[in-house]
$ cat run04.txt   # compact mmCIF, C-alpha atoms
# COMPACT_ATOMS: atom_id res chain seq x y z
CA GLN A 96 33.09 -49.53 46.44
CA ASN A 97 33.03 -51.64 43.30
CA GLU A 98 33.39 -54.87 45.24
CA PRO A 99 30.50 -57.31 44.99
CA PRO A 100 28.20 -57.59 48.03
CA THR A 101 29.26 -60.35 50.39
CA THR A 102 25.94 -61.48 51.85
CA LEU A 103 22.53 -62.18 50.38
CA ALA A 104 21.01 -59.36 52.42
CA HIS A 105 23.69 -57.02 51.09
CA ARG A 106 22.91 -58.11 47.52
CA LEU A 107 19.20 -57.42 48.07
CA VAL A 108 19.93 -54.00 49.57
CA ARG A 109 22.18 -53.07 46.67
CA ARG A 110 19.75 -54.38 44.05
CA TYR A 111 16.53 -52.88 45.43
CA LEU A 112 17.21 -50.15 47.97
CA VAL A 113 20.30 -48.15 47.01
CA SER A 114 20.80 -48.84 43.30
CA ASP A 115 19.61 -45.34 42.36
CA HIS A 116 22.40 -43.68 44.38
CA PRO A 117 25.87 -43.23 42.89
CA PRO A 118 28.63 -45.40 44.40
CA SER A 119 30.29 -43.70 47.36
CA LEU A 120 31.63 -44.41 50.81
CA GLN A 121 28.34 -43.24 52.35
CA ARG A 122 26.36 -45.61 50.12
CA SER A 123 28.62 -48.51 51.12
CA ILE A 124 28.11 -47.72 54.79
CA ASN A 125 24.34 -47.47 54.28
CA GLU A 126 24.35 -50.83 52.47
CA MET A 127 26.13 -52.52 55.38
CA ILE A 128 23.79 -50.98 57.96
CA LEU A 129 20.64 -51.87 56.02
CA ALA A 130 21.84 -55.43 55.39
CA ALA A 131 22.56 -55.92 59.10
CA GLN A 132 19.13 -54.52 60.03
CA ILE A 133 17.39 -56.81 57.55
CA ASN A 134 19.23 -59.86 58.89
CA ALA A 135 18.45 -58.91 62.48
CA SER A 136 14.79 -58.13 61.81
CA PHE A 137 13.81 -60.96 59.50
CA GLY A 138 16.41 -63.70 59.94
CA ARG A 139 18.49 -65.66 57.48
CA GLU A 140 15.72 -67.96 56.28
CA LYS A 141 13.53 -65.04 55.17
CA VAL A 142 16.48 -63.35 53.47
CA ILE A 143 17.28 -66.56 51.60
CA GLU A 144 13.63 -66.85 50.56
CA TRP A 145 13.57 -63.26 49.26
CA TYR A 146 16.85 -63.73 47.42
CA LEU A 147 15.78 -66.96 45.76
CA ASN A 148 12.42 -65.48 44.78
CA SER A 149 14.09 -62.43 43.22
CA THR A 150 16.83 -64.22 41.28
CA ASN A 151 16.48 -65.37 37.69
CA PHE A 152 17.88 -68.87 37.30
CA GLY A 153 17.62 -68.90 33.52

$ encode --input "run04.txt" --output "structure tokens"
Amino acid sequence: QNEPPTTLAHRLVRRYLVSDHPPSLQRSINEMILAAQINASFGREKVIEWYLNSTNFG
């Protein structure tokens, strides 16, 4: 549950959609489901765009 997200979509989900919920098995499952749905609905290129636009590069 404390492992870092493995995909960009998963990172976005954790950062913006489930960060207000305490870590739990259910939250981890929800993160995986939401990340898969985002990838399927919008595609990798859009996910990369969102990630790059939301990341501070210093």

$ residues_around --input "run04.txt" --residues "range 106-114 of chain A" --least-positions-apart "5" --cutoff "8 Å" --atoms "all atoms listed in the file" --output "PyMOL selection string"
chain A and resi 100-101+122+126+129-130+146

$ atom_distance --input "run04.txt" --atom1 "CA of Asp115 in chain A" --atom2 "CA of Met127 in chain A"
16.2 Å

$ atom_distance --input "run04.txt" --atom1 "CA of Ser123 in chain A" --atom2 "CA of Ala135 in chain A"
18.5 Å

$ residues_around --input "run04.txt" --residues "Gln132 in chain A" --least-positions-apart "4" --cutoff "12 Å" --atoms "only C-alpha atoms" --output "PyMOL selection string"
chain A and resi 104-105+108+125-128+136-139+142

$ atom_distance --input "run04.txt" --atom1 "CA of Trp145 in chain A" --atom2 "CA of Pro118 in chain A"
23.9 Å

$ decode --input "run04.txt" --residues "chain A" --atoms "C-alpha atoms" --output "mmCIF file, in the first residue's frame"
data_model
loop_
_atom_site.group_PDB
_atom_site.id
_atom_site.type_symbol
_atom_site.label_atom_id
_atom_site.label_comp_id
_atom_site.auth_asym_id
_atom_site.auth_seq_id
_atom_site.Cartn_x
_atom_site.Cartn_y
_atom_site.Cartn_z
ATOM 1 C CA GLN A 96 0.000 0.000 0.000
ATOM 2 C CA ASN A 97 2.966 2.299 0.490
ATOM 3 C CA GLU A 98 4.526 1.292 -2.810
ATOM 4 C CA PRO A 99 4.885 4.034 -5.409
ATOM 5 C CA PRO A 100 2.453 3.973 -8.344
ATOM 6 C CA THR A 101 3.837 2.102 -11.328
ATOM 7 C CA THR A 102 2.226 3.925 -14.245
ATOM 8 C CA LEU A 103 1.667 7.571 -15.070
ATOM 9 C CA ALA A 104 -2.100 7.074 -14.973
ATOM 10 C CA HIS A 105 -1.745 5.484 -11.540
ATOM 11 C CA ARG A 106 0.333 8.449 -10.351
ATOM 12 C CA LEU A 107 -2.330 10.872 -11.589
ATOM 13 C CA VAL A 108 -5.102 8.890 -9.903
ATOM 14 C CA ARG A 109 -3.219 8.809 -6.617
ATOM 15 C CA ARG A 110 -2.294 12.490 -6.785
ATOM 16 C CA TYR A 111 -5.681 13.908 -7.810
ATOM 17 C CA LEU A 112 -8.485 11.416 -7.258
ATOM 18 C CA VAL A 113 -7.853 9.332 -4.141
ATOM 19 C CA SER A 114 -5.334 11.333 -2.117
ATOM 20 C CA ASP A 115 -7.988 12.334 0.436
ATOM 21 C CA HIS A 116 -8.698 8.682 1.347
ATOM 22 C CA PRO A 117 -6.510 6.856 3.875
ATOM 23 C CA PRO A 118 -4.265 4.111 2.460
ATOM 24 C CA SER A 119 -6.035 0.748 2.400
ATOM 25 C CA LEU A 120 -6.483 -2.318 0.249
ATOM 26 C CA GLN A 121 -9.746 -0.894 -1.127
ATOM 27 C CA ARG A 122 -8.017 2.356 -2.093
ATOM 28 C CA SER A 123 -5.266 0.415 -3.879
ATOM 29 C CA ILE A 124 -7.842 -1.574 -5.822
ATOM 30 C CA ASN A 125 -9.725 1.617 -6.725
ATOM 31 C CA GLU A 126 -6.462 3.218 -7.898
ATOM 32 C CA MET A 127 -5.737 0.291 -10.220
ATOM 33 C CA ILE A 128 -9.270 0.283 -11.636
ATOM 34 C CA LEU A 129 -9.335 4.044 -12.209
ATOM 35 C CA ALA A 130 -5.882 4.026 -13.813
ATOM 36 C CA ALA A 131 -6.936 1.248 -16.200
ATOM 37 C CA GLN A 132 -10.137 3.114 -17.092
ATOM 38 C CA ILE A 133 -8.228 6.329 -17.757
ATOM 39 C CA ASN A 134 -5.747 4.525 -20.008
ATOM 40 C CA ALA A 135 -8.543 2.770 -21.887
ATOM 41 C CA SER A 136 -10.668 5.896 -22.291
ATOM 42 C CA PHE A 137 -8.049 8.491 -23.153
ATOM 43 C CA GLY A 138 -4.971 6.611 -24.346
ATOM 44 C CA ARG A 139 -1.329 6.809 -23.394
ATOM 45 C CA GLU A 140 -0.554 10.022 -25.248
ATOM 46 C CA LYS A 141 -3.227 11.977 -23.357
ATOM 47 C CA VAL A 142 -2.098 10.501 -20.039
ATOM 48 C CA ILE A 143 1.492 11.508 -20.792
ATOM 49 C CA GLU A 144 0.314 15.017 -21.684
ATOM 50 C CA TRP A 145 -1.653 15.342 -18.426
ATOM 51 C CA TYR A 146 1.253 14.015 -16.388
ATOM 52 C CA LEU A 147 3.792 16.341 -17.970
ATOM 53 C CA ASN A 148 1.471 19.326 -17.578
ATOM 54 C CA SER A 149 0.907 18.552 -13.889
ATOM 55 C CA THR A 150 4.518 17.892 -12.896
ATOM 56 C CA ASN A 151 6.876 20.551 -11.575
ATOM 57 C CA PHE A 152 10.272 20.224 -13.219
ATOM 58 C CA GLY A 153 11.966 22.765 -10.976
#
